[in-house]
Amino acid sequence: MRARRLRRRIEFFRGTLNSTSEVTEARIFDTTLRDGEQSPRTSFSYEDKREIAAVLDDMGTHVIEAGFPVNSDAEFEAVRDIAESTSTTTCGLARVVEKDVEAALDSGVELVHVFVSTSDVQLEDSMHATREQAKERAIESVERVKDAGVQCMFSPMDATRTDEAFLMEMVDAVSEAGTDWINIPDTCGVATPGRFRDMIAKVVDRTDAQIDVHTHDDFGLAAANALSGYEAGAAQAQVSVNGIGERAGNAAYEEVVMALESLYDVDTGIDTTRITEISRTIEGKSDIPVPANKPVVGRNAFSHESGIHAAGVIENSDTFEPGVMTPEMVGAERELVLGKHTGQHSVRERLVEAGYEPTDEEVRTLTRRVKEFGADDNRVTMDVLEEFAQDVGVDREVDEEEVRA
């Protein structure tokens, strides 16, 4: 069972940004195993999918989109096995094509996600269908899923480049057909937070179905757009771990979850202490490196080198970190990095941690050496610092056990 989350309210929420009431509830739909796997040159094995799904399930993820069952026999088996072995809702994707829908239903998922293009450019040059044909296929697919007694999600693909009147016509049609969810996808990543919020608000007012959003990161706005969707009344957002997915990827699981938890003060129910763990797992299995400056899970996310920053963090981590998000919350560790920007506080802290008892003069001497070494583009490791400490003759505490031995 998840431990009670410590609510942390510091100066951030008593200053200029003092409201956290825009979102009260939020569900997380993970599409790492479906859209995430569509990242160029990425393929998860059957074992990979089972392992990833198990962790996402244990973390409390509300929906796991396990794959596209009609794609292959291996994909079908993986989706079926994930549906059987997880306690959360498992979703299977299907085009508005009979064989796709039947494969998804046969796989045993609790939620079938059917989609069809609605923008004119995709209808004409990808689907080679008319608007009316797309609408008819959407209605038929939704009705087939509901007749089978399974939850249905419908997506008007490329919604953000769709004629608004036609989009609302599609929303009305699938709502009447009985869909449980309507997902609004920003398929090509062209939405902006304000425009997307307005768009989602219109859809929310139009239907009794629950609203879900799916945002892409072509302009680096996927997480912001997903959060705008929640602000407008969407109940759920589709995300992928490390933001992997088509082209520039999807809204990142870790960014959206931690923004909800820390900035909006929403208890998502997700075990956030495993976020770094699942990020490293996906990094290894997708072979897509996590950038050092990646929010939440990058190796620099809780690292400090600058003397002023490091000194402040040593005194109180809230000084130069968000305060409402700590490394412990995401299963990470804070690091004081040694280099050309390092100050005396960091050097002293690292030496004391290693059991040394430096004088003020020794700290000043070692800090100069660290800065000079780092300025030559050298990596200053603890081994290097200890070498310097030995050269300078810094005293070290003697372990009583060593003495007795």
# chains A, B, ... in the order shown; residues from 1 in each chain; ligands from 1
$ select_by_dssp --residues "range 80-178 of chain A" --states "strand (DSSP E)" --output "list in words"
Thr89, Thr90, Cys91, Gly92, Leu93, Ala94, Arg95, Leu111, Val112, His113, Val114, Phe115, Val116, Ser117, Gln151, Cys152, Met153, Phe154, Ser155, Pro156 and Met157 of chain A
$ closest_atom_pairs --of "range 91-139 of chain A" --to "range 64-81 of chain A" --cutoff "10 Å" --atoms "only C-alpha atoms" --output "tab-separated table"
residue	atom	partner	partner_atom	distance
A:Cys91	CA	A:Glu65	CA	4.4
A:Gly92	CA	A:Gly67	CA	5.6
A:Leu93	CA	A:Phe68	CA	4.8
A:Ala94	CA	A:Phe68	CA	6.5
A:Arg95	CA	A:Phe68	CA	9.2
A:Lys99	CA	A:Val70	CA	7.3
A:Asp100	CA	A:Val70	CA	5.4
A:Val101	CA	A:Val70	CA	8.3
A:Glu102	CA	A:Val70	CA	8.5
A:Ala103	CA	A:Val70	CA	5.4
A:Ala104	CA	A:Pro69	CA	5.5
A:Leu105	CA	A:Pro69	CA	9.0
A:Asp106	CA	A:Arg80	CA	8.2
A:Ser107	CA	A:Arg80	CA	4.6
A:Gly108	CA	A:Arg80	CA	5.9
A:Val109	CA	A:Arg80	CA	7.0
A:Leu111	CA	A:Glu65	CA	8.8
A:Val112	CA	A:Glu65	CA	9.3
A:His113	CA	A:Glu65	CA	8.7
$ select_by_dssp --residues "range 196-319 of chain A" --states "alpha helix (DSSP H)" --output "JSON, numbers by chain"
{"A": [196, 197, 198, 199, 200, 201, 202, 203, 204, 205, 206, 222, 223, 224, 225, 226, 227, 228, 229, 230, 231, 253, 254, 255, 256, 257, 258, 275, 276, 277, 278, 279, 280, 281, 282, 283, 284, 285, 286, 307, 308, 309, 310, 311, 312, 313, 314, 315]}
$ closest_residue --among "A:Val330, A:Leu338, A:Gly323, A:Lys146" --to "Ser303 in chain A" --atoms "only C-alpha atoms"
A:Leu338
$ residues_around --residues "range 263-271 of chain A" --least-positions-apart "4" --cutoff "9 Å" --atoms "only C-alpha atoms" --output "ChimeraX atom specification"
/A:2-3,5,7,13,19-28,58-62,257-259,275,324-325,329-330
